[in-house]
file input_22.csv (CSV, C-alpha atoms and all ligand atoms)
chain,number,residue,atom,x,y,z
X,1,MET,CA,0.0,0.0,0.0
X,2,ASP,CA,1.3,3.5,-0.9
X,3,VAL,CA,0.5,5.4,2.3
X,4,TYR,CA,1.1,8.7,0.5
X,5,LYS,CA,-1.7,8.0,-2.0
X,6,ASP,CA,-3.9,5.6,-0.1
X,7,ARG,CA,-7.5,6.9,0.0
X,8,LYS,CA,-8.3,5.5,3.5
X,9,THR,CA,-5.3,7.4,4.8
X,10,SER,CA,-6.6,10.5,3.0
X,11,ASP,CA,-10.0,10.1,4.6
X,12,ILE,CA,-8.5,9.9,8.1
X,13,ILE,CA,-6.4,13.1,7.5
X,14,ILE,CA,-9.4,15.0,5.9
X,15,LYS,CA,-11.5,14.2,9.0
X,16,LYS,CA,-8.7,15.5,11.2
X,17,ILE,CA,-8.5,18.7,9.1
X,18,ASN,CA,-12.3,19.2,9.3
X,19,ASP,CA,-12.3,18.6,13.1
X,20,ILE,CA,-9.4,21.0,13.8
X,21,ALA,CA,-10.7,23.7,11.4
X,22,ILE,CA,-13.9,24.2,13.3
X,23,GLY,CA,-13.7,27.4,15.2
X,24,LEU,CA,-10.5,28.5,13.5
X,25,GLY,CA,-12.2,31.1,11.3
X,26,ASN,CA,-11.0,31.8,7.7
X,27,GLN,CA,-7.4,30.7,7.2
X,28,LYS,CA,-5.4,31.4,4.0
X,29,ILE,CA,-2.5,29.0,3.5
X,30,CYS,CA,0.1,29.8,0.9
X,31,HIS,CA,2.5,27.4,-0.9
X,32,VAL,CA,5.4,28.5,-3.0
X,33,CYS,CA,6.0,25.5,-5.3
X,34,GLY,CA,4.8,24.7,-8.8
X,35,THR,CA,4.8,21.0,-8.0
X,36,HIS,CA,2.6,21.5,-5.0
X,37,GLU,CA,0.2,23.5,-7.1
X,38,HIS,CA,0.2,20.6,-9.6
X,39,VAL,CA,-0.6,18.0,-6.9
X,40,ILE,CA,-3.2,20.2,-5.2
X,41,THR,CA,-5.1,20.8,-8.4
X,42,HIS,CA,-4.6,17.4,-10.0
X,43,TYR,CA,-6.0,15.6,-7.0
X,44,GLY,CA,-8.8,18.2,-6.3
X,45,ILE,CA,-7.4,18.8,-2.8
X,46,ARG,CA,-9.1,22.3,-2.5
X,47,ALA,CA,-12.5,20.6,-2.9
X,48,LEU,CA,-11.8,18.3,0.1
X,49,LEU,CA,-11.1,21.2,2.5
X,50,PRO,CA,-13.6,22.9,4.8
X,51,LYS,CA,-14.9,26.2,3.4
X,52,ASN,CA,-12.9,28.3,5.9
X,53,ILE,CA,-9.5,26.8,4.7
X,54,GLU,CA,-8.1,28.3,1.5
X,55,VAL,CA,-4.9,27.3,-0.2
X,56,VAL,CA,-3.4,29.9,-2.5
X,57,SER,CA,-0.4,29.7,-4.9
X,58,GLY,CA,2.5,32.1,-4.4
X,59,PRO,CA,5.8,32.8,-6.3
X,60,GLY,CA,6.7,29.1,-6.7
X,61,CYS,CA,7.2,28.9,-10.5
X,62,PRO,CA,10.8,29.8,-11.5
X,63,VAL,CA,9.8,30.5,-15.1
X,64,CYS,CA,6.9,32.7,-14.0
X,65,VAL,CA,9.0,34.9,-11.7
X,66,THR,CA,11.8,35.5,-14.3
X,67,THR,CA,11.4,39.1,-15.4
X,68,GLN,CA,11.1,40.6,-18.9
X,69,GLY,CA,14.3,42.4,-18.3
X,70,GLU,CA,16.2,39.1,-17.9
X,71,ILE,CA,14.5,37.6,-21.0
X,72,GLU,CA,15.6,40.8,-22.9
X,73,ALA,CA,19.1,40.3,-21.6
X,74,ALA,CA,19.1,36.8,-23.1
X,75,VAL,CA,17.8,38.2,-26.4
X,76,LYS,CA,20.6,40.8,-26.5
X,77,VAL,CA,23.2,38.1,-25.9
X,78,ALA,CA,21.8,36.1,-28.9
X,79,GLU,CA,22.0,39.4,-30.9
X,80,GLU,CA,25.7,39.5,-30.1
X,81,GLY,CA,26.1,36.2,-32.0
X,82,ALA,CA,26.1,33.8,-29.1
X,83,ILE,CA,24.0,30.5,-29.0
X,84,VAL,CA,21.6,30.9,-26.2
X,85,THR,CA,20.3,27.8,-24.5
X,86,THR,CA,17.5,27.4,-22.0
X,87,PHE,CA,14.7,25.1,-21.0
X,88,GLY,CA,11.5,24.7,-23.1
X,89,ASP,CA,8.9,26.7,-21.2
X,90,MET,CA,11.2,29.8,-20.9
X,91,ILE,CA,11.2,30.2,-24.7
X,92,ARG,CA,7.5,30.8,-25.0
X,93,VAL,CA,7.1,33.3,-22.1
X,94,PRO,CA,5.5,36.5,-23.5
X,95,SER,CA,7.8,39.4,-23.1
X,96,LYS,CA,8.9,42.7,-24.8
X,97,ARG,CA,10.8,40.4,-27.1
X,98,SER,CA,10.3,36.7,-26.3
X,99,LEU,CA,13.0,34.1,-26.9
X,100,SER,CA,10.7,32.4,-29.4
X,101,ASP,CA,10.3,35.7,-31.3
X,102,ALA,CA,14.1,36.0,-31.2
X,103,LYS,CA,14.5,32.5,-32.6
X,104,ALA,CA,11.9,33.1,-35.3
X,105,SER,CA,13.9,36.2,-36.3
X,106,GLY,CA,16.9,34.0,-37.0
X,107,LEU,CA,18.8,34.3,-33.7
X,108,ASP,CA,20.3,31.1,-32.4
X,109,VAL,CA,18.2,30.2,-29.4
X,110,ARG,CA,18.0,26.5,-28.5
X,111,ILE,CA,16.0,24.4,-26.1
X,112,VAL,CA,18.0,22.0,-23.9
X,113,TYR,CA,16.9,19.4,-21.5
X,114,SER,CA,19.8,19.9,-19.2
X,115,ILE,CA,22.7,22.3,-18.7
X,116,HIS,CA,25.0,19.5,-19.8
X,117,ASP,CA,23.5,19.7,-23.3
X,118,SER,CA,24.7,23.3,-23.4
X,119,ILE,CA,28.2,22.2,-22.3
X,120,ASN,CA,28.3,19.6,-25.0
X,121,LEU,CA,27.2,22.3,-27.5
X,122,ALA,CA,30.2,24.4,-26.3
X,123,ILE,CA,32.6,21.5,-26.7
X,124,ASN,CA,31.3,20.8,-30.2
X,125,ASN,CA,31.3,24.5,-31.2
X,126,PRO,CA,34.7,25.8,-29.9
X,127,ASN,CA,34.5,28.9,-32.1
X,128,LYS,CA,31.1,30.0,-30.8
X,129,LYS,CA,30.1,31.5,-27.4
X,130,ILE,CA,27.4,29.3,-25.7
X,131,VAL,CA,25.3,31.1,-23.1
X,132,HIS,CA,23.0,29.1,-20.8
X,133,PHE,CA,20.1,31.2,-19.5
X,134,ALA,CA,20.0,29.6,-16.1
X,135,ILE,CA,16.7,29.8,-14.2
X,136,GLY,CA,15.4,28.1,-11.1
X,137,PHE,CA,15.5,28.1,-7.4
X,138,GLU,CA,17.9,26.5,-4.9
X,139,THR,CA,17.1,23.1,-6.5
X,140,THR,CA,18.8,23.8,-9.8
X,141,CYS,CA,21.6,26.1,-8.7
X,142,PRO,CA,24.0,23.3,-7.7
X,143,THR,CA,23.9,21.9,-11.2
X,144,THR,CA,24.7,25.3,-12.6
X,145,ALA,CA,27.5,25.6,-10.2
X,146,VAL,CA,29.0,22.3,-11.3
X,147,ALA,CA,28.7,23.5,-15.0
X,148,VAL,CA,30.5,26.7,-14.1
X,149,LEU,CA,33.3,24.7,-12.5
X,150,ASN,CA,33.5,22.1,-15.3
X,151,SER,CA,33.0,23.7,-18.7
X,152,PRO,CA,35.1,24.9,-21.6
X,153,ASP,CA,36.1,28.6,-21.9
X,154,ASN,CA,33.4,29.3,-24.5
X,155,PHE,CA,30.6,28.4,-22.1
X,156,TYR,CA,28.8,31.2,-20.1
X,157,VAL,CA,25.9,31.5,-17.7
X,158,LEU,CA,23.3,34.2,-17.7
X,159,SER,CA,22.1,33.7,-14.1
X,160,ALA,CA,18.4,34.2,-13.3
X,161,HIS,CA,18.6,32.0,-10.3
X,162,ARG,CA,16.7,32.9,-7.2
X,163,VAL,CA,16.3,31.8,-3.6
X,164,VAL,CA,12.8,31.3,-2.1
X,165,PRO,CA,12.9,32.5,1.6
X,166,PRO,CA,13.4,36.2,0.9
X,167,ALA,CA,10.3,36.2,-1.4
X,168,MET,CA,8.3,34.6,1.4
X,169,ASP,CA,9.5,37.3,3.8
X,170,LEU,CA,8.4,40.0,1.3
X,171,LEU,CA,5.0,38.4,0.8
X,172,LEU,CA,4.4,38.8,4.6
X,173,SER,CA,6.1,42.2,5.1
X,174,SER,CA,4.1,43.7,2.2
X,175,GLY,CA,1.0,43.5,4.5
X,176,LYS,CA,-1.2,43.1,1.4
X,177,ILE,CA,-2.4,39.6,2.2
X,178,ASN,CA,-3.2,37.9,5.4
X,179,LEU,CA,-1.4,34.5,5.3
X,180,ALA,CA,-2.0,32.1,8.1
X,181,GLY,CA,0.9,29.8,7.2
X,182,PHE,CA,3.2,28.5,4.5
X,183,LEU,CA,3.5,25.0,3.0
X,184,ASP,CA,7.2,25.2,2.3
X,185,PRO,CA,8.6,23.7,-0.9
X,186,GLY,CA,9.9,20.2,-0.6
X,187,HIS,CA,12.5,20.2,-3.5
X,188,VAL,CA,14.0,23.5,-2.4
X,189,SER,CA,14.1,22.2,1.2
X,190,THR,CA,16.1,19.1,0.3
X,191,ILE,CA,18.9,21.6,-0.6
X,192,ILE,CA,18.6,24.3,2.1
X,193,GLY,CA,17.2,22.2,5.0
X,194,THR,CA,14.8,23.6,7.6
X,195,LYS,CA,16.8,26.5,9.2
X,196,PRO,CA,16.5,29.2,6.5
X,197,TYR,CA,12.7,29.4,7.2
X,198,GLU,CA,13.1,29.9,10.9
X,199,ASN,CA,13.6,33.7,10.7
X,200,ILE,CA,10.2,34.0,8.9
X,201,SER,CA,8.3,32.1,11.6
X,202,ASN,CA,10.1,34.1,14.3
X,203,LYS,CA,9.6,37.5,12.7
X,204,PHE,CA,6.0,37.1,11.5
X,205,LYS,CA,4.7,34.5,14.0
X,206,VAL,CA,3.6,32.4,11.1
X,207,PRO,CA,3.7,28.6,11.1
X,208,GLN,CA,5.4,26.6,8.3
X,209,VAL,CA,5.4,23.0,7.3
X,210,ILE,CA,7.9,21.6,4.8
X,211,CYS,CA,5.8,19.4,2.6
X,212,GLY,CA,6.3,16.4,0.2
X,213,PHE,CA,4.6,15.9,-3.1
X,214,GLU,CA,2.1,13.1,-2.8
X,215,PRO,CA,-1.6,14.0,-2.1
X,216,ASN,CA,-1.4,12.7,1.5
X,217,ASP,CA,1.8,14.7,2.1
X,218,ILE,CA,-0.1,17.8,1.2
X,219,LEU,CA,-3.1,16.9,3.3
X,220,MET,CA,-0.9,16.1,6.2
X,221,GLY,CA,1.0,19.4,5.7
X,222,ILE,CA,-2.3,21.3,5.8
X,223,TYR,CA,-3.3,19.4,9.0
X,224,MET,CA,0.0,20.1,10.7
X,225,LEU,CA,-0.3,23.9,9.8
X,226,LEU,CA,-3.9,24.0,11.2
X,227,LYS,CA,-2.7,22.2,14.3
X,228,GLN,CA,0.0,24.9,14.8
X,229,ILE,CA,-2.6,27.6,14.3
X,230,HIS,CA,-5.0,25.9,16.7
X,231,GLU,CA,-2.2,25.6,19.3
X,232,LYS,CA,-1.0,29.2,18.6
X,233,ARG,CA,2.5,28.0,17.6
X,234,ALA,CA,4.6,29.4,14.8
X,235,GLU,CA,7.3,26.9,14.1
X,236,VAL,CA,9.0,25.2,11.1
X,237,GLU,CA,7.9,21.6,11.0
X,238,ASN,CA,9.0,19.0,8.5
X,239,GLU,CA,6.3,16.7,7.0
X,240,TYR,CA,8.7,15.6,4.3
X,241,VAL,CA,11.2,13.8,6.6
X,242,ARG,CA,11.9,11.1,4.0
X,243,GLY,CA,13.4,13.8,1.7
X,244,VAL,CA,14.5,16.7,3.8
X,245,ARG,CA,17.2,16.8,6.5
X,246,VAL,CA,17.5,19.6,9.1
X,247,GLU,CA,20.9,20.6,7.6
X,248,GLY,CA,19.8,20.0,4.0
X,249,ASN,CA,22.2,18.9,1.3
X,250,VAL,CA,25.5,20.4,2.6
X,251,LYS,CA,27.5,19.4,-0.4
X,252,ALA,CA,25.1,21.2,-2.7
X,253,GLN,CA,25.1,24.2,-0.4
X,254,LYS,CA,28.9,24.3,-0.6
X,255,LEU,CA,28.8,24.2,-4.4
X,256,ILE,CA,26.3,27.1,-4.4
X,257,GLU,CA,28.5,29.1,-2.0
X,258,LYS,CA,31.6,28.4,-4.0
X,259,VAL,CA,30.2,29.8,-7.3
X,260,PHE,CA,27.4,32.2,-6.4
X,261,GLU,CA,26.9,35.2,-4.2
X,262,PRO,CA,23.5,36.7,-3.1
X,263,CYS,CA,22.3,39.8,-5.1
X,264,ASN,CA,19.3,42.0,-5.0
X,265,ILE,CA,16.9,41.2,-7.9
X,266,ARG,CA,13.4,42.0,-9.1
X,267,TRP,CA,10.9,39.2,-9.4
X,268,ARG,CA,8.0,39.3,-11.9
X,269,GLY,CA,5.2,40.9,-9.9
X,270,PHE,CA,7.5,42.0,-7.1
X,271,PRO,CA,9.8,44.9,-6.5
X,272,ILE,CA,13.5,44.3,-6.0
X,273,ILE,CA,13.9,41.7,-3.2
X,274,GLU,CA,17.1,42.0,-1.2
X,275,GLU,CA,19.5,39.1,-1.5
X,276,SER,CA,17.0,36.9,-3.4
X,277,GLY,CA,19.1,36.4,-6.5
X,278,LEU,CA,22.3,34.5,-7.1
X,279,SER,CA,25.0,36.1,-9.3
X,280,LEU,CA,28.4,34.6,-10.2
X,281,LYS,CA,31.2,35.5,-7.8
X,282,LYS,CA,34.0,37.8,-9.1
X,283,GLU,CA,36.4,34.9,-9.5
X,284,PHE,CA,34.0,33.4,-12.1
X,285,SER,CA,33.4,36.6,-14.1
X,286,ASN,CA,35.0,34.8,-17.1
X,287,LYS,CA,31.9,32.7,-17.1
X,288,ASP,CA,29.4,35.5,-16.4
X,289,ALA,CA,27.4,36.4,-19.6
X,290,TYR,CA,26.4,39.7,-18.1
X,291,LYS,CA,30.1,40.7,-17.8
X,292,GLU,CA,31.2,39.1,-21.1
X,293,PHE,CA,28.5,40.9,-23.1
X,294,ASP,CA,28.4,44.0,-20.9
X,295,ILE,CA,24.6,43.7,-20.4
X,296,GLU,CA,22.5,45.0,-17.6
X,297,ILE,CA,19.0,43.9,-16.7
X,298,GLU,CA,16.4,46.5,-17.9
X,299,ASP,CA,13.4,47.4,-15.9
X,300,ILE,CA,10.5,46.6,-18.2
X,301,PRO,CA,7.0,47.4,-17.0
X,302,GLU,CA,4.5,44.5,-16.7
X,303,GLU,CA,2.0,43.9,-19.5
X,304,LYS,CA,-1.4,45.4,-18.8
X,305,GLY,CA,-4.4,43.0,-18.6
X,306,CYS,CA,-2.5,40.0,-17.4
X,307,SER,CA,-2.9,39.2,-13.7
X,308,CYS,CA,0.3,37.1,-13.3
X,309,PRO,CA,1.8,39.7,-10.9
X,310,GLU,CA,-1.2,39.4,-8.6
X,311,ILE,CA,-1.2,35.6,-8.9
X,312,LEU,CA,2.5,35.4,-8.1
X,313,ARG,CA,1.9,37.6,-5.0
X,314,ALA,CA,-0.9,35.3,-3.9
X,315,GLU,CA,-3.4,38.1,-4.2
X,316,LYS,CA,-5.5,36.5,-7.0
X,317,ASN,CA,-6.4,33.1,-8.3
X,318,PRO,CA,-6.2,32.2,-12.0
X,319,ASN,CA,-10.0,32.3,-12.5
X,320,GLU,CA,-10.1,35.8,-11.2
X,321,CYS,CA,-8.1,37.0,-14.3
X,322,PRO,CA,-10.6,38.2,-16.9
X,323,LEU,CA,-8.4,36.7,-19.7
X,324,PHE,CA,-8.3,33.2,-18.2
X,325,GLY,CA,-9.5,30.5,-20.6
X,326,LYS,CA,-10.8,33.1,-23.1
X,327,LEU,CA,-8.1,35.3,-24.5
X,328,CYS,CA,-5.4,33.4,-22.6
X,329,THR,CA,-4.9,29.7,-23.0
X,330,PRO,CA,-1.8,27.4,-23.1
X,331,GLN,CA,-2.0,27.6,-27.0
X,332,ASN,CA,-2.1,31.4,-26.8
X,333,PRO,CA,-0.6,32.5,-23.5
X,334,LYS,CA,-0.7,36.1,-22.4
X,335,GLY,CA,1.4,35.6,-19.4
X,336,PRO,CA,4.1,33.3,-17.9
X,337,CYS,CA,1.7,31.6,-15.5
X,338,MET,CA,-0.2,30.1,-18.6
X,339,VAL,CA,3.1,29.0,-20.3
X,340,SER,CA,5.0,27.1,-17.6
X,341,ARG,CA,3.9,23.6,-16.5
X,342,GLU,CA,4.5,24.9,-13.0
X,343,GLY,CA,2.4,28.0,-13.6
X,344,ALA,CA,-0.9,28.3,-11.6
X,345,CYS,CA,-2.9,29.3,-14.7
X,346,TYR,CA,-1.6,26.5,-16.9
X,347,ILE,CA,-2.3,23.9,-14.2
X,348,SER,CA,-5.8,25.3,-13.5
X,349,PHE,CA,-6.6,25.3,-17.2
X,350,LYS,CA,-5.2,21.8,-17.7
X,351,TYR,CA,-7.3,20.2,-14.9
X,352,GLY,CA,-10.3,22.5,-15.2
X,353,LYS,CA,-10.5,22.7,-11.5
X,354,PRO,CA,-10.9,26.4,-10.5
X,355,PHE,CA,-9.7,27.8,-7.3
X,356,ARG,CA,-12.3,28.9,-4.8
L,401,LIG,S1,-4.8,33.8,-17.3
L,401,LIG,FE1,-3.2,34.4,-18.7
L,401,LIG,S2,-3.3,36.6,-18.6
L,401,LIG,FE2,-4.4,35.9,-16.9
L,401,LIG,S3,-3.0,35.8,-15.2
L,401,LIG,FE3,-3.0,33.8,-16.1
L,401,LIG,S4,-1.3,34.0,-17.6
L,401,LIG,FE4,-1.8,36.1,-17.1
call {"tool": "encode", "arguments": {"input": "input_22.csv", "output": "structure tokens"}}
result
Amino acid sequence: MDVYKDRKTSDIIIKKINDIAIGLGNQKICHVCGTHEHVITHYGIRALLPKNIEVVSGPGCPVCVTTQGEIEAAVKVAEEGAIVTTFGDMIRVPSKRSLSDAKASGLDVRIVYSIHDSINLAINNPNKKIVHFAIGFETTCPTTAVAVLNSPDNFYVLSAHRVVPPAMDLLLSSGKINLAGFLDPGHVSTIIGTKPYENISNKFKVPQVICGFEPNDILMGIYMLLKQIHEKRAEVENEYVRGVRVEGNVKAQKLIEKVFEPCNIRWRGFPIIEESGLSLKKEFSNKDAYKEFDIEIEDIPEEKGCSCPEILRAEKNPNECPLFGKLCTPQNPKGPCMVSREGACYISFKYGKPFR
């Protein structure tokens, strides 16, 4: 029996959720993970919760939070004659000039399945500059670090890497939404462990539960959060003990620290968030595409009409965007949240299960 998917186990947890939710009033729980959103929507978990418990999606999709300024930087690098590589969803993200538009105009932009494909491209094209547009949270940074340390001279990184806890801090300090707790991202936590979240719970008196990716992980995570709320505790608990150690993956952390340093960076839908980005350290400036091509990130205003900024700030749900499913679909996306497989709009459209 797979206890993480077993229906009888689900029923037991759902009953516990319903019992503890009585008398708690309305509680809004936020997750910051595209895979959590996928599991929650795929398994219809929102429909299983009592009416006073709402689960909203935050800035957990790395493709969605990458700014137009960063995409424009990648286009400019391609205009300089470099081969730009990135992952599939990134190419289709609407922007001032999207990477698919750049490709259609004849620039050399290629989809890769891993950063190692980019390195192979560099090995096989020694006379070309290969630039990998590196996106992702703490989970993907170690692989980029390894690539920086083990790649030929003609390989560069355009880093759009970000770290999650500062964005969670900003969500709470903005005061725009009243969040009762966080379901913390399992994948990110396998790398960073439990400690980086503790400041958030201490500062805002908000409970957190690091959560795995099976339906019963999510239900259990919600129950554990509600139990903390009921008991007036604000701690970082770990539901995903089979994947996350307190100290995280120390080897991966050391790789990140060796190659990257924190930087202040804007997220789509957010102002600049202090120390939420990762740029290459000075000693790796020979690998830094921003330095090699002398490019700075432009500040490009968000498109009007698309509610992705509000969705990424957990202020709106996809079905509250007037374009959802009408003018904006996965075939004709108007914003990143409808492009990425981790985007809340794409997932909601795919499964046809609206938020409530
Ligand atoms: S439905 Fe489309 S336009 Fe609306 S928020 Fe989502 S991605 Fe943006």
call {"tool": "residues_around", "arguments": {"input": "input_22.csv", "residues": "range 176-179 of chain X", "least_positions_apart": "2", "cutoff": "12 Å", "atoms": "only C-alpha atoms", "output": "JSON, numbers by chain"}}
result
{"X": [26, 27, 28, 29, 30, 31, 53, 54, 55, 56, 57, 58, 168, 169, 170, 171, 172, 173, 174, 181, 182, 183, 201, 204, 205, 206, 207, 208, 225, 229, 310, 311, 313, 314, 315, 316]}
call {"tool": "closest_residue", "arguments": {"input": "input_22.csv", "among": "X:Ser151, X:Glu214, X:Asn264, X:Cys321", "to": "Asp6 in chain X", "atoms": "all atoms listed in the file"}}
result
X:Glu214
call {"tool": "residues_around", "arguments": {"input": "input_22.csv", "residues": "Gln253 in chain X", "least_positions_apart": "5", "cutoff": "10 Å", "atoms": "only C-alpha atoms", "output": "JSON, numbers by chain"}}
result
{"X": [138, 141, 142, 191, 192, 193, 247, 248, 258]}
call {"tool": "residues_near_ligand", "arguments": {"input": "input_22.csv", "ligand": "ligand LIG 401 (chain L)", "cutoff": "7 Å", "atoms": "only C-alpha atoms and all ligand atoms", "output": "JSON, numbers by chain"}}
result
{"X": [305, 306, 307, 308, 311, 318, 321, 322, 323, 324, 325, 328, 329, 333, 334, 335, 336, 337, 338, 345]}
call {"tool": "write_last_selection", "arguments": {"input": "input_22.csv", "atoms": "C-alpha atoms", "output": "tab-separated table (two decimals), in the coordinates of the input"}}
result
chain	number	residue	atom	x	y	z
X	305	GLY	CA	-4.40	43.00	-18.60
X	306	CYS	CA	-2.50	40.00	-17.40
X	307	SER	CA	-2.90	39.20	-13.70
X	308	CYS	CA	0.30	37.10	-13.30
X	311	ILE	CA	-1.20	35.60	-8.90
X	318	PRO	CA	-6.20	32.20	-12.00
X	321	CYS	CA	-8.10	37.00	-14.30
X	322	PRO	CA	-10.60	38.20	-16.90
X	323	LEU	CA	-8.40	36.70	-19.70
X	324	PHE	CA	-8.30	33.20	-18.20
X	325	GLY	CA	-9.50	30.50	-20.60
X	328	CYS	CA	-5.40	33.40	-22.60
X	329	THR	CA	-4.90	29.70	-23.00
X	333	PRO	CA	-0.60	32.50	-23.50
X	334	LYS	CA	-0.70	36.10	-22.40
X	335	GLY	CA	1.40	35.60	-19.40
X	336	PRO	CA	4.10	33.30	-17.90
X	337	CYS	CA	1.70	31.60	-15.50
X	338	MET	CA	-0.20	30.10	-18.60
X	345	CYS	CA	-2.90	29.30	-14.70
call {"tool": "closest_residue", "arguments": {"input": "input_22.csv", "among": "X:Tyr43, X:Tyr351, X:Tyr113, X:Phe284", "to": "Tyr156 in chain X", "atoms": "all atoms listed in the file"}}
result
X:Phe284
call {"tool": "residues_around", "arguments": {"input": "input_22.csv", "residues": "Ala82 in chain X", "least_positions_apart": "4", "cutoff": "12 Å", "atoms": "all atoms listed in the file", "output": "ChimeraX atom specification"}}
result
/X:74-78,107-110,121-122,125-133,154-158,289,292-293
call {"tool": "write_last_selection", "arguments": {"input": "input_22.csv", "atoms": "C-alpha atoms", "output": "mmCIF file, keeping the file's coordinate frame"}}
result
data_model
loop_
_atom_site.group_PDB
_atom_site.id
_atom_site.type_symbol
_atom_site.label_atom_id
_atom_site.label_comp_id
_atom_site.auth_asym_id
_atom_site.auth_seq_id
_atom_site.Cartn_x
_atom_site.Cartn_y
_atom_site.Cartn_z
ATOM 1 C CA ALA X 74 19.100 36.800 -23.100
ATOM 2 C CA VAL X 75 17.800 38.200 -26.400
ATOM 3 C CA LYS X 76 20.600 40.800 -26.500
ATOM 4 C CA VAL X 77 23.200 38.100 -25.900
ATOM 5 C CA ALA X 78 21.800 36.100 -28.900
ATOM 6 C CA LEU X 107 18.800 34.300 -33.700
ATOM 7 C CA ASP X 108 20.300 31.100 -32.400
ATOM 8 C CA VAL X 109 18.200 30.200 -29.400
ATOM 9 C CA ARG X 110 18.000 26.500 -28.500
ATOM 10 C CA LEU X 121 27.200 22.300 -27.500
ATOM 11 C CA ALA X 122 30.200 24.400 -26.300
ATOM 12 C CA ASN X 125 31.300 24.500 -31.200
ATOM 13 C CA PRO X 126 34.700 25.800 -29.900
ATOM 14 C CA ASN X 127 34.500 28.900 -32.100
ATOM 15 C CA LYS X 128 31.100 30.000 -30.800
ATOM 16 C CA LYS X 129 30.100 31.500 -27.400
ATOM 17 C CA ILE X 130 27.400 29.300 -25.700
ATOM 18 C CA VAL X 131 25.300 31.100 -23.100
ATOM 19 C CA HIS X 132 23.000 29.100 -20.800
ATOM 20 C CA PHE X 133 20.100 31.200 -19.500
ATOM 21 C CA ASN X 154 33.400 29.300 -24.500
ATOM 22 C CA PHE X 155 30.600 28.400 -22.100
ATOM 23 C CA TYR X 156 28.800 31.200 -20.100
ATOM 24 C CA VAL X 157 25.900 31.500 -17.700
ATOM 25 C CA LEU X 158 23.300 34.200 -17.700
ATOM 26 C CA ALA X 289 27.400 36.400 -19.600
ATOM 27 C CA GLU X 292 31.200 39.100 -21.100
ATOM 28 C CA PHE X 293 28.500 40.900 -23.100
#
call {"tool": "atom_distance", "arguments": {"input": "input_22.csv", "atom1": "CA of Ile111 in chain X", "atom2": "CA of Asp89 in chain X"}}
result
8.9 Å
call {"tool": "atom_distance", "arguments": {"input": "input_22.csv", "atom1": "CA of Leu99 in chain X", "atom2": "CA of His38 in chain X"}}
result
25.4 Å
call {"tool": "closest_residue", "arguments": {"input": "input_22.csv", "among": "X:Leu219, X:Val188, X:Ile12, X:Tyr346", "to": "Gln331 in chain X", "atoms": "all atoms listed in the file"}}
result
X:Tyr346
call {"tool": "atom_distance", "arguments": {"input": "input_22.csv", "atom1": "CA of Val146 in chain X", "atom2": "CA of Ile119 in chain X"}}
result
11.0 Å
call {"tool": "closest_residue", "arguments": {"input": "input_22.csv", "among": "X:His36, X:Ile273, X:Leu278, X:Val259", "to": "Gly186 in chain X", "atoms": "all atoms listed in the file"}}
result
X:His36
call {"tool": "closest_residue", "arguments": {"input": "input_22.csv", "among": "X:Ser285, X:Met220, X:Gly175, X:Ser340", "to": "Val3 in chain X", "atoms": "only C-alpha atoms"}}
result
X:Met220
call {"tool": "closest_residue", "arguments": {"input": "input_22.csv", "among": "X:Asn199, X:Asn52, X:Thr35, X:Gln68", "to": "Lys96 in chain X", "atoms": "all atoms listed in the file"}}
result
X:Gln68
call {"tool": "decode", "arguments": {"input": "input_22.csv", "residues": "range 129-143 of chain X", "atoms": "C-alpha atoms", "output": "mmCIF file, in the first residue's frame"}}
result
data_model
loop_
_atom_site.group_PDB
_atom_site.id
_atom_site.type_symbol
_atom_site.label_atom_id
_atom_site.label_comp_id
_atom_site.auth_asym_id
_atom_site.auth_seq_id
_atom_site.Cartn_x
_atom_site.Cartn_y
_atom_site.Cartn_z
ATOM 1 C CA LYS X 129 30.080 31.451 -27.432
ATOM 2 C CA ILE X 130 27.410 29.324 -25.728
ATOM 3 C CA VAL X 131 25.305 31.071 -23.092
ATOM 4 C CA HIS X 132 22.991 29.114 -20.837
ATOM 5 C CA PHE X 133 20.070 31.183 -19.546
ATOM 6 C CA ALA X 134 19.967 29.570 -16.098
ATOM 7 C CA ILE X 135 16.690 29.825 -14.221
ATOM 8 C CA GLY X 136 15.440 28.077 -11.119
ATOM 9 C CA PHE X 137 15.481 28.101 -7.355
ATOM 10 C CA GLU X 138 17.932 26.476 -4.932
ATOM 11 C CA THR X 139 17.147 23.073 -6.457
ATOM 12 C CA THR X 140 18.770 23.810 -9.813
ATOM 13 C CA CYS X 141 21.585 26.119 -8.660
ATOM 14 C CA PRO X 142 23.994 23.302 -7.681
ATOM 15 C CA THR X 143 23.874 21.873 -11.217
#
